[in-house]
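See below for the structure under consideration.
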Amino acid sequence: MRFTKFLLMSLVALCTLLPYSAQATGITNYPVLVTPEYWMNKNTDGDKLILDANGVQSFNARIRQKSRTVVDLANYPGTYNGDSLKTKIMDYSLLDDDLYLHGVKVSDNYKNILRKQTNVGAIPASVNVRYAVTVRRSPLRNLPTGEGLYYYANDKDFDALQETMLDPSEPVAVLHTSANGFFHYVQSVNYSGWVSKYDLAFTDKNTWLTFVKPAKFLVVTDADYILKTAGENVLYQQGARLVVTNDKGSVYTVVAPGRSQYGSLVKQPLSILKTNNALHYGYMPYTSNNIVRAAFKFYGRPYGWGGLKNSVDCSSLLYNAYRTVGIVLPRNADEQELSAGTKHALSGMSGNRISTLDGLMPGAGLYMEGHCMMYLGSINKEPYVIHSLGSHFEKGVRQREMSVVVSDLNLHRGSGNSFLNELTTAVEYK
């Protein structure tokens with residue numbers, strides 16, 4: 001819904017005057033509160049530049065120093081220690097649990113087949129890194145299989161092997177190949193895992209580096225953008241980049257990476273009108289309002305575990321918003337919490353949590369065990385967030401949401417504690 005400036009200001013004033021009970025307790029669908037304009041209007045410093053381009057680069061370097069998963073692909077080594085790679089690949093801990101395939105419990109024999117497919121015996125003492133680019137939105141898997149495994153027989157949402165999704169045009173370092181040759185183990189900018197060989201196009205290092213650090217590029221600022229290539233419609237999610245080769249005239253010429261029948265990179269030049277509002281030339285300025293605006297692009301979208309359903313889970317909602325301004329966060333919530341930034345410890349603070357949250361920059365990450373949210377602001381000292389929410393509890397009964405929602409922190413966990421009282425850390429990424 002689009003508001004005129006007058007209507008928006010009127011609704012903001014009305015919302016401020018309404019008693020809190022008329023607004024929300026828990027998840028809200030109150031029209032004003034589920035628009036980014038309301039929160040941006042409340043944010044007096046919302047358009048103030050937090051970090052310039054050099055500051056973003058320096059902050060990313062701090063993230064890499066703190067994180068065990070975010071890497072500097074531009075300076076990635078040409079060789080990788082074989083024993084270290086074996087240690088990464090041989091984390092089979094999830095296979096210790098009962099898992100289900102198409103509703104049927106998988107056998108130990110099936111699990112052993114998956115272990116053998118990792119092909120660790122073929123890893124040499126020193127691995128020569130190869131270079132590839134994703135040609136479509138690609139699942140990054142914990143083990144070399146595209147089949148979904150679930151912890152419950154009737155579950156169809158939480159695939160235990162799904163780690164994340166890689167967008168098209170994403171450069172990866174290829175470190176290993178499965179026994180059947182159908183999957184490659186890769187390192188992306190902030191995660192490693194298995195990708196189908198059909199989603200990768202191999203190239204030389206110099207060409208690869210033009211995708212790692214493109215001189216000119218477009219950033220997807222909508223929730224997603226469909227690029228129509230010669231062979232298929234390719235989905236780029238928010239924060240993904242399209243390499244620009246020509247920015248003259250009324251259109252941008254971009255590179256759509258394709259894959260030859262032999263697996264090598266084929267560059268497809270395509271034109272995109274400069275009036276396209278789903279894309280921004282270069283990164284967005286790093287302001288609080290730009291982060292909040294980006295997150296709201298996913299409002300109402302389904303919860304997408306590991307990027308499934310072409311949507312976001314809790315941590316990728318933050319990851320996508322921040323990469324529109326050039327900041328590369330770790331993929332998972334627990335690592336985002338431990339990453340660089342101005343941190344506010346919330347464990348054990350009791351009533352002081354409210355005053356701490358009230359002083360946060362809108363767009364900050366709020367973290368608790370197994371979940372994260374983006375802080376939007378407060379109404380009468382009541383903090384509000386936007387988050388991709390799987391479920392919460394009401395009077396001890398699980399309420400399944402599976403959607404990106406706006407809420408206060410009066411939702412409850414299975415422990416009976418409110419989200420507010422379960423918070424461990426708030427992080428302002430600056």
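Chain labels follow the order of the structure tokens: the first chain is A, the next B, and so on; residue numbering restarts at 1 in every chain, and ligands are counted from 1 in their shown order.
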
Self-check item: Nearby residues (only C-alpha atoms) at most 7 Å from range 322-327 of chain A, same-chain spacing under 6 positions excluded, as an MDAnalysis selection string
Solution: chainID A and resid 56 60 219 221 239 283:286 291

Just the selected residues (C-alpha atoms), exported as a short mmCIF file (atom, residue, chain, number, x, y, z; two decimals), in the first residue's frame, please.
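The result, stored in part03.cif:
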```cif
data_model
loop_
_atom_site.label_atom_id
_atom_site.label_comp_id
_atom_site.auth_asym_id
_atom_site.auth_seq_id
_atom_site.Cartn_x
_atom_site.Cartn_y
_atom_site.Cartn_z
CA VAL A 56 32.17 -0.32 4.95
CA ASN A 60 33.97 -5.96 6.52
CA VAL A 219 22.52 -4.44 -6.51
CA THR A 221 17.12 -3.85 -3.66
CA GLY A 239 21.63 -7.91 -2.11
CA TYR A 283 25.69 -0.22 -3.15
CA MET A 284 23.02 1.77 -1.39
CA PRO A 285 24.30 4.39 1.07
CA TYR A 286 24.63 2.82 4.52
CA ILE A 291 18.42 -1.12 6.15
#
```

Would you mind listing what lies within 12 Å of Ser315 in chain A as a PDB file with N, CA and C atoms, in the first residue's frame, with only C-alpha atoms counted and same-chain residues fewer than 3 positions away left out?
```pdb
ATOM      1  N   GLU A 163      21.734 -25.608   3.954  1.00  0.00           N
ATOM      2  CA  GLU A 163      22.493 -24.611   4.697  1.00  0.00           C
ATOM      3  C   GLU A 163      22.093 -23.199   4.291  1.00  0.00           C
ATOM      4  N   THR A 164      22.128 -22.898   3.007  1.00  0.00           N
ATOM      5  CA  THR A 164      21.764 -21.580   2.522  1.00  0.00           C
ATOM      6  C   THR A 164      21.572 -21.658   1.012  1.00  0.00           C
ATOM      7  N   ALA A 295      14.565  -4.528   4.676  1.00  0.00           N
ATOM      8  CA  ALA A 295      13.940  -5.640   5.405  1.00  0.00           C
ATOM      9  C   ALA A 295      12.448  -5.724   5.121  1.00  0.00           C
ATOM     10  N   TYR A 303       8.293 -17.853   5.516  1.00  0.00           N
ATOM     11  CA  TYR A 303       9.552 -18.223   6.150  1.00  0.00           C
ATOM     12  C   TYR A 303      10.241 -19.254   5.264  1.00  0.00           C
ATOM     13  N   GLY A 304      11.505 -18.992   4.927  1.00  0.00           N
ATOM     14  CA  GLY A 304      12.223 -19.907   4.038  1.00  0.00           C
ATOM     15  C   GLY A 304      13.501 -20.411   4.682  1.00  0.00           C
ATOM     16  N   TRP A 305      13.432 -21.571   5.294  1.00  0.00           N
ATOM     17  CA  TRP A 305      14.593 -22.163   5.960  1.00  0.00           C
ATOM     18  C   TRP A 305      15.748 -22.297   4.970  1.00  0.00           C
ATOM     19  N   GLY A 306      16.899 -21.716   5.314  1.00  0.00           N
ATOM     20  CA  GLY A 306      18.062 -21.810   4.443  1.00  0.00           C
ATOM     21  C   GLY A 306      17.847 -21.227   3.066  1.00  0.00           C
ATOM     22  N   GLY A 307      16.886 -20.286   2.964  1.00  0.00           N
ATOM     23  CA  GLY A 307      16.604 -19.661   1.667  1.00  0.00           C
ATOM     24  C   GLY A 307      15.641 -20.419   0.787  1.00  0.00           C
ATOM     25  N   SER A 311      12.666 -17.438  -0.356  1.00  0.00           N
ATOM     26  CA  SER A 311      12.421 -16.439   0.677  1.00  0.00           C
ATOM     27  C   SER A 311      13.573 -16.452   1.678  1.00  0.00           C
ATOM     28  N   VAL A 312      13.306 -15.996   2.894  1.00  0.00           N
ATOM     29  CA  VAL A 312      14.362 -15.819   3.893  1.00  0.00           C
ATOM     30  C   VAL A 312      13.982 -16.461   5.219  1.00  0.00           C
ATOM     31  N   LEU A 318      18.370 -10.359   7.765  1.00  0.00           N
ATOM     32  CA  LEU A 318      19.371  -9.348   8.104  1.00  0.00           C
ATOM     33  C   LEU A 318      20.517  -9.353   7.106  1.00  0.00           C
ATOM     34  N   TYR A 319      20.972 -10.538   6.740  1.00  0.00           N
ATOM     35  CA  TYR A 319      22.098 -10.647   5.803  1.00  0.00           C
ATOM     36  C   TYR A 319      21.788  -9.933   4.492  1.00  0.00           C
ATOM     37  N   ASN A 320      20.599 -10.160   3.945  1.00  0.00           N
ATOM     38  CA  ASN A 320      20.236  -9.535   2.678  1.00  0.00           C
ATOM     39  C   ASN A 320      20.147  -8.024   2.805  1.00  0.00           C
ATOM     40  N   ALA A 321      19.509  -7.536   3.866  1.00  0.00           N
ATOM     41  CA  ALA A 321      19.364  -6.094   4.040  1.00  0.00           C
ATOM     42  C   ALA A 321      20.724  -5.419   4.109  1.00  0.00           C
ATOM     43  N   TYR A 322      21.647  -6.016   4.835  1.00  0.00           N
ATOM     44  CA  TYR A 322      22.955  -5.384   5.019  1.00  0.00           C
ATOM     45  C   TYR A 322      23.832  -5.493   3.777  1.00  0.00           C
ATOM     46  N   LEU A 329      27.631  -9.887   6.322  1.00  0.00           N
ATOM     47  CA  LEU A 329      27.505 -10.529   7.628  1.00  0.00           C
ATOM     48  C   LEU A 329      27.708 -12.037   7.492  1.00  0.00           C
ATOM     49  N   PRO A 330      28.038 -12.706   8.590  1.00  0.00           N
ATOM     50  CA  PRO A 330      27.984 -14.174   8.576  1.00  0.00           C
ATOM     51  C   PRO A 330      26.570 -14.645   8.248  1.00  0.00           C
ATOM     52  N   ARG A 331      26.454 -15.857   7.778  1.00  0.00           N
ATOM     53  CA  ARG A 331      25.155 -16.370   7.346  1.00  0.00           C
ATOM     54  C   ARG A 331      24.241 -16.703   8.516  1.00  0.00           C
ATOM     55  N   ASN A 332      24.771 -17.321   9.574  1.00  0.00           N
ATOM     56  CA  ASN A 332      23.942 -17.839  10.653  1.00  0.00           C
ATOM     57  C   ASN A 332      23.829 -16.851  11.817  1.00  0.00           C
ATOM     58  N   ALA A 333      22.712 -16.937  12.529  1.00  0.00           N
ATOM     59  CA  ALA A 333      22.416 -15.974  13.590  1.00  0.00           C
ATOM     60  C   ALA A 333      23.463 -15.997  14.700  1.00  0.00           C
ATOM     61  N   ASP A 334      23.904 -17.195  15.119  1.00  0.00           N
ATOM     62  CA  ASP A 334      24.854 -17.254  16.230  1.00  0.00           C
ATOM     63  C   ASP A 334      26.178 -16.594  15.857  1.00  0.00           C
ATOM     64  N   GLU A 335      26.576 -16.686  14.592  1.00  0.00           N
ATOM     65  CA  GLU A 335      27.818 -16.063  14.159  1.00  0.00           C
ATOM     66  C   GLU A 335      27.647 -14.567  13.929  1.00  0.00           C
ATOM     67  N   GLN A 336      26.467 -14.152  13.491  1.00  0.00           N
ATOM     68  CA  GLN A 336      26.197 -12.719  13.405  1.00  0.00           C
ATOM     69  C   GLN A 336      26.308 -12.073  14.781  1.00  0.00           C
ATOM     70  N   GLU A 337      25.791 -12.756  15.783  1.00  0.00           N
ATOM     71  CA  GLU A 337      25.824 -12.236  17.147  1.00  0.00           C
ATOM     72  C   GLU A 337      27.253 -12.040  17.649  1.00  0.00           C
ATOM     73  N   GLY A 365      20.592  -5.700  14.977  1.00  0.00           N
ATOM     74  CA  GLY A 365      20.187  -7.091  15.141  1.00  0.00           C
ATOM     75  C   GLY A 365      19.957  -7.423  16.598  1.00  0.00           C
ATOM     76  N   LEU A 366      18.866  -8.108  16.893  1.00  0.00           N
ATOM     77  CA  LEU A 366      18.581  -8.609  18.238  1.00  0.00           C
ATOM     78  C   LEU A 366      18.690 -10.131  18.200  1.00  0.00           C
ATOM     79  N   TYR A 367      19.403 -10.690  19.164  1.00  0.00           N
ATOM     80  CA  TYR A 367      19.721 -12.113  19.109  1.00  0.00           C
ATOM     81  C   TYR A 367      19.315 -12.827  20.400  1.00  0.00           C
ATOM     82  N   MET A 368      18.818 -14.032  20.216  1.00  0.00           N
ATOM     83  CA  MET A 368      18.602 -14.970  21.305  1.00  0.00           C
ATOM     84  C   MET A 368      18.915 -16.347  20.745  1.00  0.00           C
ATOM     85  N   GLY A 370      18.977 -19.373  18.824  1.00  0.00           N
ATOM     86  CA  GLY A 370      18.223 -19.943  17.716  1.00  0.00           C
ATOM     87  C   GLY A 370      17.383 -18.978  16.913  1.00  0.00           C
ATOM     88  N   HIS A 371      17.470 -17.682  17.198  1.00  0.00           N
ATOM     89  CA  HIS A 371      16.616 -16.737  16.450  1.00  0.00           C
ATOM     90  C   HIS A 371      17.222 -15.340  16.503  1.00  0.00           C
ATOM     91  N   CYS A 372      16.953 -14.557  15.450  1.00  0.00           N
ATOM     92  CA  CYS A 372      17.361 -13.156  15.450  1.00  0.00           C
ATOM     93  C   CYS A 372      16.272 -12.313  14.811  1.00  0.00           C
ATOM     94  N   MET A 373      16.301 -11.030  15.110  1.00  0.00           N
ATOM     95  CA  MET A 373      15.285 -10.081  14.664  1.00  0.00           C
ATOM     96  C   MET A 373      15.962  -8.758  14.338  1.00  0.00           C
ATOM     97  N   MET A 374      15.285  -7.904  13.598  1.00  0.00           N
ATOM     98  CA  MET A 374      15.782  -6.556  13.325  1.00  0.00           C
ATOM     99  C   MET A 374      14.959  -5.550  14.111  1.00  0.00           C
ATOM    100  N   ILE A 386      11.075  -6.513  13.127  1.00  0.00           N
ATOM    101  CA  ILE A 386      10.640  -7.283  11.960  1.00  0.00           C
ATOM    102  C   ILE A 386      11.511  -8.522  11.912  1.00  0.00           C
ATOM    103  N   HIS A 387      10.909  -9.681  11.664  1.00  0.00           N
ATOM    104  CA  HIS A 387      11.677 -10.933  11.658  1.00  0.00           C
ATOM    105  C   HIS A 387      10.943 -12.005  10.870  1.00  0.00           C
ATOM    106  N   SER A 388      11.731 -12.949  10.380  1.00  0.00           N
ATOM    107  CA  SER A 388      11.173 -14.116   9.721  1.00  0.00           C
ATOM    108  C   SER A 388      10.956 -15.167  10.808  1.00  0.00           C
ATOM    109  N   LEU A 389       9.695 -15.411  11.117  1.00  0.00           N
ATOM    110  CA  LEU A 389       9.335 -16.175  12.309  1.00  0.00           C
ATOM    111  C   LEU A 389       8.741 -17.527  11.940  1.00  0.00           C
ATOM    112  N   VAL A 404       7.312 -13.640   7.452  1.00  0.00           N
ATOM    113  CA  VAL A 404       8.017 -12.442   7.898  1.00  0.00           C
ATOM    114  C   VAL A 404       6.979 -11.502   8.506  1.00  0.00           C
TER     115      VAL A 404
END
```

Practice problem: Please identify all polymer residues within 12 Å of Leu95 in chain A, counting only C-alpha atoms, omitting same-chain residues fewer than 6 positions from it, and present them as a PyMOL selection string. | Solution: chain A and resi 105-115+142-143+149-151+160-161

Can you list, as a compact mmCIF listing (two decimals) with all heavy atoms, in the first residue's frame, every protein, DNA or RNA residue that comes within 9 Å of range 244-258 of chain A when you count only C-alpha atoms, leaving out same-chain residues fewer than 2 positions away?
```
# COMPACT_ATOMS: atom_id res chain seq x y z
N VAL A 133 31.56 -19.76 -11.00
CA VAL A 133 30.51 -18.77 -10.75
C VAL A 133 29.17 -19.50 -10.83
O VAL A 133 28.97 -20.36 -11.70
CB VAL A 133 30.56 -17.65 -11.81
CG1 VAL A 133 29.42 -16.65 -11.60
CG2 VAL A 133 31.91 -16.94 -11.76
N THR A 134 28.26 -19.17 -9.94
CA THR A 134 26.93 -19.78 -9.97
C THR A 134 26.14 -19.22 -11.15
O THR A 134 26.20 -18.03 -11.45
CB THR A 134 26.16 -19.51 -8.67
OG1 THR A 134 26.19 -18.11 -8.40
CG2 THR A 134 26.76 -20.27 -7.51
N VAL A 135 25.38 -20.07 -11.80
CA VAL A 135 24.60 -19.65 -12.97
C VAL A 135 23.12 -19.49 -12.66
O VAL A 135 22.36 -19.01 -13.49
CB VAL A 135 24.79 -20.64 -14.15
CG1 VAL A 135 26.25 -20.69 -14.56
CG2 VAL A 135 24.28 -22.03 -13.79
N ARG A 136 22.70 -19.91 -11.49
CA ARG A 136 21.31 -19.73 -11.04
C ARG A 136 21.31 -19.78 -9.52
O ARG A 136 22.31 -20.06 -8.90
CB ARG A 136 20.42 -20.84 -11.62
CG ARG A 136 20.80 -22.25 -11.20
CD ARG A 136 19.91 -23.29 -11.83
NE ARG A 136 19.99 -23.21 -13.29
CZ ARG A 136 20.91 -23.82 -14.02
NH1 ARG A 136 21.86 -24.57 -13.44
NH2 ARG A 136 20.94 -23.71 -15.34
N PRO A 168 22.67 -16.23 -8.23
CA PRO A 168 23.41 -16.27 -9.49
C PRO A 168 24.52 -15.22 -9.49
O PRO A 168 24.46 -14.24 -8.76
CB PRO A 168 22.33 -15.92 -10.53
CG PRO A 168 21.03 -16.14 -9.85
CD PRO A 168 21.25 -15.88 -8.41
N SER A 169 25.53 -15.46 -10.30
CA SER A 169 26.69 -14.57 -10.44
C SER A 169 27.57 -14.56 -9.21
O SER A 169 28.43 -13.68 -9.07
CB SER A 169 26.25 -13.12 -10.75
OG SER A 169 25.46 -13.06 -11.91
N LEU A 200 27.11 -24.58 -11.51
CA LEU A 200 28.41 -23.90 -11.50
C LEU A 200 29.00 -23.84 -12.90
O LEU A 200 28.89 -24.80 -13.68
CB LEU A 200 29.39 -24.60 -10.57
CG LEU A 200 29.04 -24.64 -9.08
CD1 LEU A 200 30.10 -25.44 -8.33
CD2 LEU A 200 28.93 -23.23 -8.51
N ALA A 201 29.66 -22.73 -13.19
CA ALA A 201 30.41 -22.59 -14.45
C ALA A 201 31.86 -22.24 -14.09
O ALA A 201 32.11 -21.26 -13.38
CB ALA A 201 29.80 -21.49 -15.31
N PRO A 214 33.69 -6.66 -8.85
CA PRO A 214 33.35 -6.01 -10.12
C PRO A 214 33.59 -4.51 -10.05
O PRO A 214 33.31 -3.86 -9.03
CB PRO A 214 31.87 -6.34 -10.30
CG PRO A 214 31.36 -6.60 -8.93
CD PRO A 214 32.50 -7.21 -8.18
N ALA A 215 34.08 -3.94 -11.14
CA ALA A 215 34.31 -2.49 -11.19
C ALA A 215 32.98 -1.73 -11.16
O ALA A 215 32.87 -0.67 -10.53
CB ALA A 215 35.11 -2.13 -12.44
N LYS A 216 31.98 -2.28 -11.84
CA LYS A 216 30.65 -1.68 -11.88
C LYS A 216 29.62 -2.79 -11.69
O LYS A 216 29.79 -3.90 -12.23
CB LYS A 216 30.41 -0.96 -13.21
CG LYS A 216 31.39 0.16 -13.52
CD LYS A 216 31.16 0.72 -14.91
CE LYS A 216 32.18 1.80 -15.24
NZ LYS A 216 31.98 2.33 -16.62
N PHE A 217 28.57 -2.49 -10.96
CA PHE A 217 27.57 -3.54 -10.71
C PHE A 217 26.25 -2.92 -10.28
O PHE A 217 26.19 -1.75 -9.86
CB PHE A 217 28.06 -4.51 -9.64
CG PHE A 217 28.42 -3.86 -8.32
CD1 PHE A 217 27.47 -3.69 -7.32
CD2 PHE A 217 29.72 -3.41 -8.08
CE1 PHE A 217 27.80 -3.08 -6.12
CE2 PHE A 217 30.06 -2.81 -6.88
CZ PHE A 217 29.11 -2.64 -5.90
N LEU A 218 25.20 -3.71 -10.41
CA LEU A 218 23.88 -3.38 -9.89
C LEU A 218 23.60 -4.26 -8.68
O LEU A 218 24.00 -5.43 -8.65
CB LEU A 218 22.80 -3.62 -10.96
CG LEU A 218 22.93 -2.84 -12.27
CD1 LEU A 218 21.85 -3.29 -13.25
CD2 LEU A 218 22.84 -1.34 -12.02
N LEU A 227 15.88 -12.13 -13.89
CA LEU A 227 16.61 -11.79 -15.10
C LEU A 227 16.28 -12.84 -16.16
O LEU A 227 16.51 -14.04 -15.95
CB LEU A 227 18.11 -11.77 -14.82
CG LEU A 227 19.01 -11.34 -15.99
CD1 LEU A 227 18.75 -9.88 -16.35
CD2 LEU A 227 20.48 -11.55 -15.64
N THR A 229 17.17 -14.71 -19.16
CA THR A 229 18.32 -15.07 -19.98
C THR A 229 17.84 -15.88 -21.18
O THR A 229 16.64 -16.17 -21.32
CB THR A 229 19.33 -15.89 -19.17
OG1 THR A 229 18.80 -17.19 -18.91
CG2 THR A 229 19.66 -15.21 -17.85
N GLY A 231 18.25 -18.98 -21.75
CA GLY A 231 17.80 -20.32 -21.44
C GLY A 231 16.74 -20.42 -20.37
O GLY A 231 15.96 -21.37 -20.34
N LEU A 242 24.73 -7.84 -10.01
CA LEU A 242 24.86 -8.14 -11.44
C LEU A 242 26.00 -7.30 -11.98
O LEU A 242 26.01 -6.07 -11.83
CB LEU A 242 23.57 -7.80 -12.19
CG LEU A 242 22.33 -8.67 -11.91
CD1 LEU A 242 21.60 -8.21 -10.66
CD2 LEU A 242 21.37 -8.63 -13.10
N SER A 260 28.40 -23.81 -20.24
CA SER A 260 28.47 -24.60 -21.46
C SER A 260 28.23 -26.06 -21.15
O SER A 260 28.20 -26.48 -19.99
CB SER A 260 29.85 -24.43 -22.11
OG SER A 260 30.83 -25.19 -21.40
N SER A 264 32.01 -24.92 -18.55
CA SER A 264 32.77 -23.68 -18.50
C SER A 264 31.84 -22.47 -18.58
O SER A 264 30.70 -22.56 -19.03
CB SER A 264 33.79 -23.63 -19.64
OG SER A 264 33.15 -23.74 -20.90
N LEU A 265 32.36 -21.33 -18.13
CA LEU A 265 31.57 -20.10 -18.07
C LEU A 265 31.30 -19.54 -19.46
O LEU A 265 32.19 -19.43 -20.29
CB LEU A 265 32.31 -19.05 -17.24
CG LEU A 265 31.67 -17.67 -17.13
CD1 LEU A 265 30.34 -17.75 -16.38
CD2 LEU A 265 32.62 -16.69 -16.45
N VAL A 266 30.04 -19.18 -19.69
CA VAL A 266 29.62 -18.49 -20.91
C VAL A 266 28.98 -17.18 -20.47
O VAL A 266 28.04 -17.17 -19.69
CB VAL A 266 28.62 -19.32 -21.72
CG1 VAL A 266 28.15 -18.53 -22.94
CG2 VAL A 266 29.22 -20.66 -22.13
N LYS A 267 29.50 -16.07 -20.98
CA LYS A 267 28.97 -14.76 -20.60
C LYS A 267 27.88 -14.33 -21.59
O LYS A 267 28.12 -14.27 -22.79
CB LYS A 267 30.08 -13.72 -20.60
CG LYS A 267 31.14 -13.92 -19.53
CD LYS A 267 32.15 -12.78 -19.59
CE LYS A 267 33.21 -12.91 -18.52
NZ LYS A 267 34.18 -11.77 -18.58
N GLN A 268 26.69 -14.05 -21.05
CA GLN A 268 25.59 -13.60 -21.88
C GLN A 268 25.35 -12.11 -21.60
O GLN A 268 24.95 -11.74 -20.49
CB GLN A 268 24.31 -14.36 -21.55
CG GLN A 268 24.42 -15.87 -21.66
CD GLN A 268 23.15 -16.55 -21.19
OE1 GLN A 268 22.05 -16.23 -21.64
NE2 GLN A 268 23.29 -17.48 -20.27
N PRO A 269 25.60 -11.22 -22.57
CA PRO A 269 25.30 -9.80 -22.35
C PRO A 269 23.81 -9.54 -22.46
O PRO A 269 23.16 -9.97 -23.42
CB PRO A 269 26.08 -9.11 -23.47
CG PRO A 269 26.19 -10.14 -24.55
CD PRO A 269 26.22 -11.48 -23.88
N LEU A 270 23.24 -8.85 -21.47
CA LEU A 270 21.83 -8.52 -21.46
C LEU A 270 21.65 -7.06 -21.10
O LEU A 270 22.47 -6.48 -20.37
CB LEU A 270 21.07 -9.40 -20.46
CG LEU A 270 21.03 -10.89 -20.74
CD1 LEU A 270 20.39 -11.63 -19.59
CD2 LEU A 270 20.29 -11.19 -22.04
N SER A 271 20.58 -6.47 -21.57
CA SER A 271 20.31 -5.06 -21.30
C SER A 271 19.21 -4.91 -20.26
O SER A 271 18.20 -5.63 -20.28
CB SER A 271 19.89 -4.34 -22.59
OG SER A 271 20.94 -4.34 -23.54
N ILE A 272 19.40 -3.94 -19.35
CA ILE A 272 18.42 -3.62 -18.31
C ILE A 272 18.20 -2.12 -18.32
O ILE A 272 19.16 -1.34 -18.26
CB ILE A 272 18.91 -4.07 -16.92
CG1 ILE A 272 19.07 -5.59 -16.87
CG2 ILE A 272 17.93 -3.61 -15.84
CD1 ILE A 272 19.64 -6.09 -15.56
N LEU A 273 16.95 -1.70 -18.39
CA LEU A 273 16.64 -0.28 -18.37
C LEU A 273 17.10 0.37 -17.08
O LEU A 273 16.95 -0.20 -15.99
CB LEU A 273 15.13 -0.07 -18.54
CG LEU A 273 14.54 -0.37 -19.93
CD1 LEU A 273 13.02 -0.30 -19.87
CD2 LEU A 273 15.09 0.61 -20.97
N LYS A 274 17.63 1.56 -17.18
CA LYS A 274 18.09 2.27 -15.99
C LYS A 274 16.95 2.72 -15.09
O LYS A 274 17.17 3.08 -13.94
CB LYS A 274 18.94 3.48 -16.40
CG LYS A 274 20.30 3.10 -16.97
CD LYS A 274 21.15 4.32 -17.22
CE LYS A 274 22.55 3.91 -17.68
NZ LYS A 274 23.43 5.08 -17.92
N THR A 275 15.74 2.69 -15.61
CA THR A 275 14.57 3.08 -14.82
C THR A 275 14.06 1.95 -13.93
O THR A 275 13.08 2.12 -13.22
CB THR A 275 13.44 3.54 -15.74
OG1 THR A 275 13.17 2.52 -16.71
CG2 THR A 275 13.82 4.83 -16.46
```

Quiz prompt | Atom-to-atom span, CA of Val34 in chain A and CA of Val234 in chain A, Å | solution =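 Atom-to-atom, CA of Val34 in chain A and CA of Val234 in chain A are spaced 29.3 Å apart.
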
Self-check item: DSSP-assigned alpha helix (DSSP H) members of range 89-306 of chain A, reported as a PyMOL selection string
Solution: chain A and resi 89+108-117+205-212+288-296

Quiz item: What lies within 7 Å of range 70-83 of chain A using only C-alpha atoms, ignoring chain neighbours under 6 positions off, as a list in words?
Solution: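 Residues meeting the cut-off are Arg64, Ile123, Pro124, Ala125, Ser126, Val127, Asn128, Val129, Val189, Asn190, Tyr191, Leu209, Val212 and Pro330 of chain A.
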
Practice problem: Pull the strand (DSSP E) assignments for range 146-392 of chain A out of DSSP run on the backbone, and list those residues as a PyMOL selection string. | Solution: chain A and resi 162-166+171-177+183-187+192-196+200-203+217-220+224-228+233-237+241-246+251-259+265-273+279-281+286-287+342-345+365-368+371-379+382-392

Quiz item: Neighbours of Ala278 in chain A within 8 Å (only C-alpha atoms; same-chain residues fewer than 3 positions away dropped), as a VMD selection string?
Solution: chain A and resid 220 to 222 224 to 225

Residues as selected, all heavy atoms, written as an mmCIF file, in the first residue's frame, can you do that?
```cif
data_model
loop_
_atom_site.group_PDB
_atom_site.id
_atom_site.type_symbol
_atom_site.label_atom_id
_atom_site.label_comp_id
_atom_site.auth_asym_id
_atom_site.auth_seq_id
_atom_site.Cartn_x
_atom_site.Cartn_y
_atom_site.Cartn_z
ATOM 1 N N VAL A 220 20.509 -5.774 -6.236
ATOM 2 C CA VAL A 220 19.068 -5.996 -6.130
ATOM 3 C C VAL A 220 18.593 -5.403 -4.803
ATOM 4 O O VAL A 220 19.084 -5.779 -3.736
ATOM 5 C CB VAL A 220 18.725 -7.494 -6.195
ATOM 6 C CG1 VAL A 220 17.215 -7.704 -6.040
ATOM 7 C CG2 VAL A 220 19.211 -8.102 -7.504
ATOM 8 N N THR A 221 17.651 -4.476 -4.863
ATOM 9 C CA THR A 221 17.123 -3.849 -3.655
ATOM 10 C C THR A 221 15.711 -4.310 -3.317
ATOM 11 O O THR A 221 15.267 -4.145 -2.179
ATOM 12 C CB THR A 221 17.146 -2.321 -3.783
ATOM 13 O OG1 THR A 221 16.452 -1.937 -4.972
ATOM 14 C CG2 THR A 221 18.584 -1.820 -3.842
ATOM 15 N N ASP A 222 14.970 -4.846 -4.287
ATOM 16 C CA ASP A 222 13.692 -5.490 -3.985
ATOM 17 C C ASP A 222 13.954 -6.845 -3.328
ATOM 18 O O ASP A 222 15.098 -7.285 -3.219
ATOM 19 C CB ASP A 222 12.881 -5.686 -5.262
ATOM 20 C CG ASP A 222 12.033 -4.460 -5.585
ATOM 21 O OD1 ASP A 222 12.077 -3.477 -4.820
ATOM 22 O OD2 ASP A 222 11.318 -4.481 -6.613
ATOM 23 N N ASP A 224 13.407 -9.611 -4.611
ATOM 24 C CA ASP A 224 14.067 -10.413 -5.640
ATOM 25 C C ASP A 224 13.907 -9.735 -6.996
ATOM 26 O O ASP A 224 13.144 -8.781 -7.158
ATOM 27 C CB ASP A 224 13.531 -11.850 -5.683
ATOM 28 C CG ASP A 224 12.016 -11.919 -5.621
ATOM 29 O OD1 ASP A 224 11.357 -11.141 -6.336
ATOM 30 O OD2 ASP A 224 11.495 -12.742 -4.854
ATOM 31 N N TYR A 225 14.654 -10.254 -7.943
ATOM 32 C CA TYR A 225 14.620 -9.721 -9.306
ATOM 33 C C TYR A 225 14.808 -10.887 -10.264
ATOM 34 O O TYR A 225 15.679 -11.741 -10.061
ATOM 35 C CB TYR A 225 15.725 -8.682 -9.507
ATOM 36 C CG TYR A 225 15.853 -8.211 -10.942
ATOM 37 C CD1 TYR A 225 14.916 -7.354 -11.494
ATOM 38 C CD2 TYR A 225 16.919 -8.639 -11.744
ATOM 39 C CE1 TYR A 225 15.018 -6.924 -12.809
ATOM 40 C CE2 TYR A 225 17.030 -8.206 -13.061
ATOM 41 C CZ TYR A 225 16.076 -7.359 -13.586
ATOM 42 O OH TYR A 225 16.179 -6.934 -14.883
#
```
